[in-house]
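Asker: run_8.pdb is reproduced in full below (PDB, C-alpha atoms, pLDDT in the B column).
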```
ATOM      1  CA  MET X   1      51.030 200.493 189.647  1.00 81.00           C
ATOM      2  CA  HIS X   2      47.569 202.100 189.620  1.00 87.00           C
ATOM      3  CA  LYS X   3      44.272 200.207 189.635  1.00 88.00           C
ATOM      4  CA  PHE X   4      40.702 201.538 189.674  1.00 85.00           C
ATOM      5  CA  ARG X   5      37.216 200.239 188.939  1.00 87.00           C
ATOM      6  CA  ILE X   6      35.615 201.070 185.575  1.00 87.00           C
ATOM      7  CA  LEU X   7      32.459 200.247 183.665  1.00 82.00           C
ATOM      8  CA  HIS X   8      33.306 197.290 181.413  1.00 82.00           C
ATOM      9  CA  PRO X   9      34.197 198.475 177.872  1.00 80.00           C
ATOM     10  CA  ASN X  10      31.446 196.278 176.334  1.00 76.00           C
ATOM     11  CA  ALA X  11      28.795 197.032 178.962  1.00 78.00           C
ATOM     12  CA  VAL X  12      26.914 199.809 177.182  1.00 73.00           C
ATOM     13  CA  THR X  13      26.538 197.917 173.884  1.00 75.00           C
ATOM     14  CA  ARG X  14      25.597 194.625 175.528  1.00 74.00           C
ATOM     15  CA  LEU X  15      23.095 196.177 177.935  1.00 75.00           C
ATOM     16  CA  ARG X  16      21.482 198.124 175.100  1.00 79.00           C
ATOM     17  CA  LEU X  17      20.947 194.858 173.178  1.00 81.00           C
ATOM     18  CA  GLN X  18      19.793 192.918 176.240  1.00 82.00           C
ATOM     19  CA  PRO X  19      16.022 193.674 176.007  1.00 84.00           C
ATOM     20  CA  ALA X  20      16.023 192.775 172.302  1.00 87.00           C
ATOM     21  CA  MET X  21      17.757 189.467 173.032  1.00 88.00           C
ATOM     22  CA  HIS X  22      15.244 188.570 175.762  1.00 90.00           C
ATOM     23  CA  GLY X  23      12.461 189.497 173.317  1.00 91.00           C
ATOM     24  CA  LEU X  24      13.886 187.270 170.548  1.00 91.00           C
ATOM     25  CA  VAL X  25      14.129 184.338 172.948  1.00 93.00           C
ATOM     26  CA  GLY X  26      10.525 184.993 174.015  1.00 93.00           C
ATOM     27  CA  VAL X  27       9.348 184.905 170.398  1.00 94.00           C
ATOM     28  CA  LEU X  28      11.318 181.685 169.832  1.00 93.00           C
ATOM     29  CA  PHE X  29       9.584 180.078 172.819  1.00 94.00           C
ATOM     30  CA  LEU X  30       6.190 181.144 171.444  1.00 94.00           C
ATOM     31  CA  PHE X  31       7.077 179.522 168.098  1.00 93.00           C
ATOM     32  CA  ASN X  32       8.032 176.409 170.083  1.00 91.00           C
ATOM     33  CA  ALA X  33       4.573 176.482 171.684  1.00 93.00           C
ATOM     34  CA  ILE X  34       2.970 176.646 168.224  1.00 92.00           C
ATOM     35  CA  GLY X  35       5.196 173.825 166.967  1.00 89.00           C
ATOM     36  CA  ALA X  36       4.439 171.639 169.995  1.00 89.00           C
ATOM     37  CA  TYR X  37       0.699 172.357 169.551  1.00 89.00           C
ATOM     38  CA  ARG X  38       0.774 171.268 165.891  1.00 89.00           C
ATOM     39  CA  ILE X  39       2.303 167.872 166.719  1.00 87.00           C
ATOM     40  CA  PRO X  40      -0.326 165.098 166.515  1.00 85.00           C
ATOM     41  CA  GLN X  41      -1.637 164.462 170.038  1.00 85.00           C
ATOM     42  CA  PRO X  42       0.217 167.440 171.573  1.00 85.00           C
ATOM     43  CA  ASN X  43       1.523 167.380 175.122  1.00 88.00           C
ATOM     44  CA  TRP X  44      -0.385 170.287 176.701  1.00 92.00           C
ATOM     45  CA  GLY X  45       2.097 170.566 179.559  1.00 92.00           C
ATOM     46  CA  ILE X  46       4.949 171.213 177.088  1.00 90.00           C
ATOM     47  CA  VAL X  47       2.804 173.657 175.092  1.00 92.00           C
ATOM     48  CA  GLY X  48       1.960 175.525 178.306  1.00 94.00           C
ATOM     49  CA  LEU X  49       5.618 175.532 179.408  1.00 93.00           C
ATOM     50  CA  PHE X  50       6.774 177.043 176.095  1.00 94.00           C
ATOM     51  CA  PHE X  51       3.960 179.604 176.173  1.00 95.00           C
ATOM     52  CA  PHE X  52       4.787 180.606 179.769  1.00 95.00           C
ATOM     53  CA  ALA X  53       8.536 180.806 178.965  1.00 94.00           C
ATOM     54  CA  GLY X  54       7.792 182.996 175.938  1.00 94.00           C
ATOM     55  CA  ILE X  55       5.585 185.458 177.816  1.00 95.00           C
ATOM     56  CA  SER X  56       8.046 185.540 180.736  1.00 93.00           C
ATOM     57  CA  SER X  57      10.999 186.267 178.426  1.00 92.00           C
ATOM     58  CA  LEU X  58       9.075 189.068 176.689  1.00 92.00           C
ATOM     59  CA  ALA X  59       8.112 190.623 180.051  1.00 91.00           C
ATOM     60  CA  LEU X  60      11.533 190.154 181.693  1.00 89.00           C
ATOM     61  CA  PRO X  61      13.258 193.347 180.406  1.00 85.00           C
ATOM     62  CA  PHE X  62      10.508 195.469 181.982  1.00 84.00           C
ATOM     63  CA  GLN X  63      10.840 193.636 185.317  1.00 81.00           C
ATOM     64  CA  LEU X  64      14.664 193.704 185.312  1.00 77.00           C
ATOM     65  CA  ARG X  65      14.636 197.488 185.645  1.00 71.00           C
ATOM     66  CA  LYS X  66      12.980 197.095 189.057  1.00 76.00           C
ATOM     67  CA  ALA X  67      15.241 194.267 190.281  1.00 71.00           C
ATOM     68  CA  GLN X  68      17.742 195.153 192.998  1.00 72.00           C
ATOM     69  CA  LYS X  69      20.010 192.239 192.048  1.00 78.00           C
ATOM     70  CA  PHE X  70      19.986 192.926 188.315  1.00 77.00           C
ATOM     71  CA  ALA X  71      23.058 190.821 187.440  1.00 77.00           C
ATOM     72  CA  GLU X  72      21.924 187.756 189.399  1.00 83.00           C
ATOM     73  CA  VAL X  73      18.365 187.823 188.001  1.00 85.00           C
ATOM     74  CA  ASN X  74      19.614 188.290 184.433  1.00 85.00           C
ATOM     75  CA  THR X  75      22.167 185.479 184.743  1.00 86.00           C
ATOM     76  CA  MET X  76      19.559 183.087 186.181  1.00 90.00           C
ATOM     77  CA  ALA X  77      17.113 184.000 183.384  1.00 91.00           C
ATOM     78  CA  ARG X  78      19.753 183.323 180.709  1.00 92.00           C
ATOM     79  CA  LEU X  79      20.601 179.971 182.317  1.00 93.00           C
ATOM     80  CA  ILE X  80      16.935 178.913 182.368  1.00 94.00           C
ATOM     81  CA  GLN X  81      16.448 180.088 178.764  1.00 94.00           C
ATOM     82  CA  ALA X  82      19.513 178.134 177.565  1.00 95.00           C
ATOM     83  CA  LEU X  83      18.428 174.959 179.409  1.00 94.00           C
ATOM     84  CA  LEU X  84      14.874 175.208 178.052  1.00 94.00           C
ATOM     85  CA  LEU X  85      16.120 175.720 174.499  1.00 93.00           C
ATOM     86  CA  LEU X  86      18.480 172.749 174.717  1.00 93.00           C
ATOM     87  CA  SER X  87      15.722 170.611 176.298  1.00 92.00           C
ATOM     88  CA  SER X  88      13.233 171.624 173.607  1.00 91.00           C
ATOM     89  CA  CYS X  89      15.844 170.548 171.042  1.00 91.00           C
ATOM     90  CA  LEU X  90      15.565 166.995 172.453  1.00 90.00           C
ATOM     91  CA  TYR X  91      11.759 167.233 172.508  1.00 89.00           C
ATOM     92  CA  PHE X  92      11.498 168.137 168.810  1.00 90.00           C
ATOM     93  CA  LEU X  93      14.193 165.608 167.894  1.00 88.00           C
ATOM     94  CA  SER X  94      12.166 162.863 169.610  1.00 88.00           C
ATOM     95  CA  HIS X  95       9.186 163.890 167.441  1.00 87.00           C
ATOM     96  CA  GLN X  96      11.259 163.640 164.214  1.00 86.00           C
ATOM     97  CA  ILE X  97      11.500 167.375 163.532  1.00 88.00           C
ATOM     98  CA  PRO X  98      15.300 167.638 163.062  1.00 90.00           C
ATOM     99  CA  PHE X  99      15.396 171.129 161.516  1.00 90.00           C
ATOM    100  CA  SER X 100      13.668 172.701 164.521  1.00 88.00           C
ATOM    101  CA  ALA X 101      15.787 170.608 166.883  1.00 91.00           C
ATOM    102  CA  MET X 102      19.076 171.831 165.337  1.00 93.00           C
ATOM    103  CA  LEU X 103      17.854 175.431 165.290  1.00 92.00           C
ATOM    104  CA  LEU X 104      17.012 175.214 168.998  1.00 92.00           C
ATOM    105  CA  PHE X 105      20.332 173.514 169.783  1.00 95.00           C
ATOM    106  CA  PHE X 106      22.335 176.360 168.238  1.00 95.00           C
ATOM    107  CA  ALA X 107      20.005 178.966 169.798  1.00 93.00           C
ATOM    108  CA  GLY X 108      20.582 177.336 173.210  1.00 93.00           C
ATOM    109  CA  LEU X 109      24.365 177.494 172.756  1.00 95.00           C
ATOM    110  CA  ALA X 110      24.125 181.130 171.633  1.00 93.00           C
ATOM    111  CA  ILE X 111      22.019 182.104 174.665  1.00 93.00           C
ATOM    112  CA  ALA X 112      24.441 180.268 176.973  1.00 93.00           C
ATOM    113  CA  TYR X 113      27.320 182.312 175.474  1.00 91.00           C
ATOM    114  CA  ILE X 114      25.347 185.572 175.724  1.00 89.00           C
ATOM    115  CA  GLY X 115      24.506 184.781 179.345  1.00 89.00           C
ATOM    116  CA  TYR X 116      28.181 184.162 180.138  1.00 88.00           C
ATOM    117  CA  ALA X 117      29.237 187.379 178.372  1.00 85.00           C
ATOM    118  CA  GLU X 118      26.607 189.437 180.249  1.00 85.00           C
ATOM    119  CA  TYR X 119      27.654 187.817 183.536  1.00 86.00           C
ATOM    120  CA  LYS X 120      31.310 188.775 182.938  1.00 83.00           C
ATOM    121  CA  ILE X 121      30.393 192.308 181.872  1.00 83.00           C
ATOM    122  CA  LEU X 122      28.331 192.903 185.020  1.00 81.00           C
ATOM    123  CA  GLN X 123      31.192 191.804 187.314  1.00 80.00           C
ATOM    124  CA  PRO X 124      33.510 194.466 188.806  1.00 81.00           C
ATOM    125  CA  SER X 125      36.021 195.516 186.137  1.00 87.00           C
ATOM    126  CA  TYR X 126      39.344 197.248 186.669  1.00 89.00           C
ATOM    127  CA  ALA X 127      41.793 199.295 184.642  1.00 90.00           C
ATOM    128  CA  GLU X 128      45.406 198.600 185.620  1.00 91.00           C
ATOM    129  CA  LEU X 129      48.347 200.820 184.776  1.00 90.00           C
ATOM    130  CA  ASP X 130      51.904 199.625 185.312  1.00 90.00           C
ATOM    131  CA  THR X 131      55.330 200.080 183.766  1.00 89.00           C
ATOM    132  CA  THR X 132      54.557 197.747 180.850  1.00 90.00           C
ATOM    133  CA  GLY X 133      51.218 199.203 179.750  1.00 89.00           C
ATOM    134  CA  VAL X 134      47.491 199.594 180.363  1.00 91.00           C
ATOM    135  CA  SER X 135      45.372 196.489 181.068  1.00 92.00           C
ATOM    136  CA  LEU X 136      41.634 196.602 180.336  1.00 90.00           C
ATOM    137  CA  PRO X 137      39.000 193.885 180.815  1.00 88.00           C
ATOM    138  CA  THR X 138      37.626 191.746 177.995  1.00 85.00           C
ATOM    139  CA  ILE X 139      34.912 189.079 178.098  1.00 80.00           C
ATOM    140  CA  PHE X 140      37.431 186.253 178.529  1.00 80.00           C
ATOM    141  CA  GLY X 141      40.043 188.005 180.677  1.00 82.00           C
ATOM    142  CA  LYS X 142      42.003 191.173 180.126  1.00 88.00           C
ATOM    143  CA  LYS X 143      44.092 192.709 177.376  1.00 90.00           C
ATOM    144  CA  ARG X 144      47.318 194.612 177.864  1.00 91.00           C
ATOM    145  CA  TYR X 145      48.100 197.612 175.660  1.00 91.00           C
ATOM    146  CA  PRO X 146      51.817 198.531 175.720  1.00 91.00           C
ATOM    147  CA  TRP X 147      52.689 202.191 176.232  1.00 90.00           C
ATOM    148  CA  ASN X 148      54.342 202.417 172.795  1.00 90.00           C
ATOM    149  CA  ASP X 149      50.919 201.689 171.164  1.00 89.00           C
ATOM    150  CA  LEU X 150      49.341 204.695 172.898  1.00 89.00           C
ATOM    151  CA  ASN X 151      49.309 208.400 172.070  1.00 89.00           C
ATOM    152  CA  ASN X 152      47.765 209.587 175.308  1.00 89.00           C
ATOM    153  CA  VAL X 153      46.163 208.233 178.490  1.00 90.00           C
ATOM    154  CA  ILE X 154      44.309 210.576 180.816  1.00 90.00           C
ATOM    155  CA  LEU X 155      41.917 210.423 183.736  1.00 90.00           C
ATOM    156  CA  ARG X 156      39.602 213.434 183.963  1.00 89.00           C
ATOM    157  CA  ASN X 157      36.024 214.114 185.119  1.00 85.00           C
ATOM    158  CA  GLU X 158      35.340 210.444 185.972  1.00 87.00           C
ATOM    159  CA  LEU X 159      36.343 209.393 182.442  1.00 88.00           C
ATOM    160  CA  PHE X 160      39.404 207.311 181.642  1.00 90.00           C
ATOM    161  CA  THR X 161      40.473 208.073 178.074  1.00 90.00           C
ATOM    162  CA  VAL X 162      42.892 205.906 176.107  1.00 90.00           C
ATOM    163  CA  ASP X 163      44.044 207.352 172.773  1.00 90.00           C
ATOM    164  CA  PHE X 164      45.726 204.779 170.509  1.00 90.00           C
ATOM    165  CA  LYS X 165      48.282 205.509 167.791  1.00 88.00           C
ATOM    166  CA  ASN X 166      46.017 203.789 165.238  1.00 89.00           C
ATOM    167  CA  ASN X 167      43.423 206.607 165.723  1.00 86.00           C
ATOM    168  CA  LYS X 168      41.220 204.498 167.992  1.00 89.00           C
ATOM    169  CA  LEU X 169      39.827 206.281 171.045  1.00 87.00           C
ATOM    170  CA  MET X 170      38.360 204.555 174.093  1.00 86.00           C
ATOM    171  CA  GLN X 171      36.522 206.395 176.881  1.00 87.00           C
ATOM    172  CA  LEU X 172      35.552 204.419 179.972  1.00 88.00           C
ATOM    173  CA  GLU X 173      33.438 205.537 182.906  1.00 88.00           C
ATOM    174  CA  VAL X 174      35.310 205.388 186.228  1.00 89.00           C
ATOM    175  CA  LEU X 175      33.217 203.936 189.054  1.00 86.00           C
ATOM    176  CA  ASP X 176      35.668 204.556 191.930  1.00 84.00           C
ATOM    177  CA  GLU X 177      35.842 207.929 193.621  1.00 85.00           C
ATOM    178  CA  ILE X 178      39.368 209.105 192.899  1.00 86.00           C
ATOM    179  CA  GLY X 179      40.639 212.201 194.686  1.00 87.00           C
ATOM    180  CA  THR X 180      42.360 215.134 193.027  1.00 88.00           C
ATOM    181  CA  VAL X 181      45.815 214.156 194.299  1.00 90.00           C
ATOM    182  CA  GLU X 182      45.515 210.550 193.151  1.00 90.00           C
ATOM    183  CA  THR X 183      44.154 211.688 189.767  1.00 89.00           C
ATOM    184  CA  ALA X 184      47.173 213.961 189.344  1.00 90.00           C
ATOM    185  CA  ASP X 185      49.499 211.070 190.306  1.00 91.00           C
ATOM    186  CA  ILE X 186      47.871 208.771 187.749  1.00 90.00           C
ATOM    187  CA  ASN X 187      48.082 211.379 184.975  1.00 88.00           C
ATOM    188  CA  ALA X 188      51.712 212.171 185.840  1.00 90.00           C
ATOM    189  CA  PHE X 189      52.548 208.448 185.767  1.00 89.00           C
ATOM    190  CA  CYS X 190      50.911 208.122 182.315  1.00 88.00           C
ATOM    191  CA  LEU X 191      52.782 211.124 180.938  1.00 88.00           C
ATOM    192  CA  GLN X 192      56.047 209.731 182.265  1.00 88.00           C
ATOM    193  CA  ARG X 193      55.458 206.310 180.675  1.00 87.00           C
ATOM    194  CA  LEU X 194      54.463 207.962 177.380  1.00 86.00           C
ATOM    195  CA  GLY X 195      57.661 210.004 177.438  1.00 81.00           C
ATOM    196  CA  LYS X 196      55.849 213.342 177.664  1.00 69.00           C
ATOM    197  CA  SER X 197      56.322 216.204 180.071  1.00 54.00           C
ATOM    198  CA  GLU X 198      53.476 217.658 182.134  1.00 53.00           C
ATOM    199  CA  GLN X 199      51.916 220.756 180.617  1.00 48.00           C
TER     200      GLN X 199
END
```
Could you render the structure from this file as structure tokens?

Answerer:
Amino acid sequence: MHKFRILHPNAVTRLRLQPAMHGLVGVLFLFNAIGAYRIPQPNWGIVGLFFFAGISSLALPFQLRKAQKFAEVNTMARLIQALLLLSSCLYFLSHQIPFSAMLLFFAGLAIAYIGYAEYKILQPSYAELDTTGVSLPTIFGKKRYPWNDLNNVILRNELFTVDFKNNKLMQLEVLDEIGTVETADINAFCLQRLGKSEQ
């Protein structure tokens, strides 16, 4: 069996969308501030909290680039955003604004899911090759691809390429430093399992 660390298959897409998601949450908090302000006899503490949360969420993507513990800061931010959204749902519900309350409830659940998915993606991920197939990480665990579903599997130039028989191609960045001998062993093992001879 061979096992090596890779960049999670969903990491690039999720991390590309991350600033936009923080921005959308920031805008939602600013709308909450406007909504709380328009309530008769507004609670200025709540208005200020929503305004601060909105500005912080909009500024967060720019600050995350400088953070040394990127994953931890992002996860904590998502947790705070989800809790604030769910709490604001109760606030608007108590002021008889059910549409806004339900919108914020579902937004809070969505942000909680996004936070969990980003947390999983930023954890160490591994590709595993054994006699039954290739195992790759997913958000909720890992998925095994049997050898008979694959055309080719090769490790070259810090890229792990999996070519499926259904014309799907997956290229994953390898994060471990793998020596020439071990790379050759892995490729030979893959060729053997695929029933091909080395060229």

Asker: Fewer than 4 positions away in the same chain doesn't count, so skip those; otherwise give me all residues within 9 Å of Ala107 of chain X, counting only C-alpha atoms, as an mmCIF file with C-alpha atoms, in the frame of the given file.

Answerer:
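Contents of part-v8.cif, freshly written:
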```
data_model
loop_
_atom_site.group_PDB
_atom_site.id
_atom_site.type_symbol
_atom_site.label_atom_id
_atom_site.label_comp_id
_atom_site.auth_asym_id
_atom_site.auth_seq_id
_atom_site.Cartn_x
_atom_site.Cartn_y
_atom_site.Cartn_z
ATOM 1 C CA VAL X 25 14.129 184.338 172.948
ATOM 2 C CA ALA X 82 19.513 178.134 177.565
ATOM 3 C CA LEU X 85 16.120 175.720 174.499
ATOM 4 C CA LEU X 86 18.480 172.749 174.717
ATOM 5 C CA MET X 102 19.076 171.831 165.337
ATOM 6 C CA LEU X 103 17.854 175.431 165.290
ATOM 7 C CA ILE X 111 22.019 182.104 174.665
ATOM 8 C CA ALA X 112 24.441 180.268 176.973
#
```

Asker: I want to know what sits within 10 Å of segment 89-98 of chain X, based on only C-alpha atoms, with residues of the same chain fewer than 2 positions away left out; could you give that as an NGL selection string?

Answerer: :X and (32 or 35-36 or 39-40 or 46 or 83-87 or 100-108)

Asker: Can you measure atom CA of Lys142 of chain X to atom CA of Glu177 of chain X for me? One decimal in Å is fine.

Answerer: 22.4 Å

Asker: So the first atom is atom CA of Arg144 of chain X and the second is atom CA of Asp130 of chain X; what is the distance between them in Å, to one decimal place?

Answerer: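 Computing it gives 10.1 Å between the two atoms.
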
Asker: Would you mind telling me which residue in X:Leu194, X:Ile121, X:Ile178, X:Leu136 lies nearest to Asn151 of chain X when using all atoms listed in the file?

Answerer: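 Between X:Leu194, X:Ile121, X:Ile178, X:Leu136, the residue approaching Asn151 of chain X most closely is X:Leu194.
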
Asker: Out of X:Lys3, X:Asn10, X:Asn167, X:Val153, which residue has the shortest atom-to-atom distance to Phe140 of chain X when counting all atoms listed in the file?

Answerer: X:Asn10

Asker: Counting all atoms listed in the file, which of X:Ala117, X:Leu64, X:Val27, X:Ala188 gets nearest to His2 of chain X?

Answerer: X:Ala188

Asker: Name the residues in contact with segment 154-162 of chain X at a cut-off of 12 Å, using only C-alpha atoms, excluding same-chain residues fewer than 6 positions from it; report them as a short mmCIF file (atom, residue, chain, number, x, y, z; two decimals) with C-alpha atoms, keeping the file's coordinate frame.

Answerer:
```
data_model
loop_
_atom_site.label_atom_id
_atom_site.label_comp_id
_atom_site.auth_asym_id
_atom_site.auth_seq_id
_atom_site.Cartn_x
_atom_site.Cartn_y
_atom_site.Cartn_z
CA HIS X 2 47.57 202.10 189.62
CA LYS X 3 44.27 200.21 189.64
CA PHE X 4 40.70 201.54 189.67
CA ARG X 5 37.22 200.24 188.94
CA ILE X 6 35.62 201.07 185.58
CA LEU X 7 32.46 200.25 183.66
CA HIS X 8 33.31 197.29 181.41
CA PRO X 9 34.20 198.48 177.87
CA TYR X 126 39.34 197.25 186.67
CA ALA X 127 41.79 199.30 184.64
CA GLU X 128 45.41 198.60 185.62
CA LEU X 129 48.35 200.82 184.78
CA GLY X 133 51.22 199.20 179.75
CA VAL X 134 47.49 199.59 180.36
CA SER X 135 45.37 196.49 181.07
CA LEU X 136 41.63 196.60 180.34
CA TYR X 145 48.10 197.61 175.66
CA PRO X 146 51.82 198.53 175.72
CA TRP X 147 52.69 202.19 176.23
CA LYS X 168 41.22 204.50 167.99
CA LEU X 169 39.83 206.28 171.04
CA MET X 170 38.36 204.56 174.09
CA GLN X 171 36.52 206.40 176.88
CA LEU X 172 35.55 204.42 179.97
CA GLU X 173 33.44 205.54 182.91
CA VAL X 174 35.31 205.39 186.23
CA LEU X 175 33.22 203.94 189.05
CA ASP X 176 35.67 204.56 191.93
CA GLU X 177 35.84 207.93 193.62
CA ILE X 178 39.37 209.10 192.90
CA GLY X 179 40.64 212.20 194.69
CA THR X 180 42.36 215.13 193.03
CA VAL X 181 45.82 214.16 194.30
CA GLU X 182 45.52 210.55 193.15
CA THR X 183 44.15 211.69 189.77
CA ALA X 184 47.17 213.96 189.34
CA ASP X 185 49.50 211.07 190.31
CA ILE X 186 47.87 208.77 187.75
CA ASN X 187 48.08 211.38 184.98
CA ALA X 188 51.71 212.17 185.84
CA PHE X 189 52.55 208.45 185.77
CA CYS X 190 50.91 208.12 182.32
CA LEU X 191 52.78 211.12 180.94
CA GLN X 192 56.05 209.73 182.26
CA ARG X 193 55.46 206.31 180.68
CA LEU X 194 54.46 207.96 177.38
CA GLU X 198 53.48 217.66 182.13
#
```

Asker: Could you please determine the separation between atom CA of Lys69 of chain X and atom CA of Gly115 of chain X in Å, to one decimal place?

Answerer: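 Computed distance, atom CA of Lys69 of chain X to atom CA of Gly115 of chain X, equals 15.4 Å.
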
Asker: Write out as a ChimeraX atom specification the residues lying within 12 Å of Ala20 of chain X, counting all atoms listed in the file and excluding same-chain residues fewer than 2 positions away.

Answerer: /X:13-18,22-27,57-62

Asker: Because the input lacks atoms here, generate N, CA and C atoms for segment 18-31 of chain X and report them as a short mmCIF file (atom, residue, chain, number, x, y, z; two decimals), in the coordinates of the input.

Answerer:
```
data_model
loop_
_atom_site.label_atom_id
_atom_site.label_comp_id
_atom_site.auth_asym_id
_atom_site.auth_seq_id
_atom_site.Cartn_x
_atom_site.Cartn_y
_atom_site.Cartn_z
N GLN X 18 20.37 193.93 175.35
CA GLN X 18 19.79 192.92 176.24
C GLN X 18 18.27 192.77 176.12
N PRO X 19 17.47 193.86 176.15
CA PRO X 19 16.02 193.67 176.01
C PRO X 19 15.63 193.02 174.69
N ALA X 20 16.32 193.38 173.60
CA ALA X 20 16.02 192.78 172.30
C ALA X 20 16.32 191.28 172.32
N MET X 21 17.41 190.89 172.98
CA MET X 21 17.76 189.47 173.03
C MET X 21 16.74 188.68 173.85
N HIS X 22 16.29 189.24 174.98
CA HIS X 22 15.24 188.57 175.76
C HIS X 22 13.96 188.46 174.93
N GLY X 23 13.65 189.51 174.17
CA GLY X 23 12.46 189.50 173.32
C GLY X 23 12.54 188.43 172.24
N LEU X 24 13.71 188.29 171.59
CA LEU X 24 13.89 187.27 170.55
C LEU X 24 13.73 185.86 171.11
N VAL X 25 14.27 185.65 172.31
CA VAL X 25 14.13 184.34 172.95
C VAL X 25 12.66 184.08 173.27
N GLY X 26 11.95 185.13 173.73
CA GLY X 26 10.52 184.99 174.02
C GLY X 26 9.73 184.59 172.78
N VAL X 27 10.03 185.24 171.66
CA VAL X 27 9.35 184.90 170.40
C VAL X 27 9.67 183.47 169.98
N LEU X 28 10.93 183.06 170.17
CA LEU X 28 11.32 181.68 169.83
C LEU X 28 10.55 180.67 170.67
N PHE X 29 10.37 180.97 171.96
CA PHE X 29 9.58 180.08 172.82
C PHE X 29 8.12 180.02 172.36
N LEU X 30 7.57 181.15 171.93
CA LEU X 30 6.19 181.14 171.44
C LEU X 30 6.06 180.31 170.16
N PHE X 31 7.08 180.38 169.28
CA PHE X 31 7.08 179.52 168.10
C PHE X 31 7.18 178.05 168.50
#
```
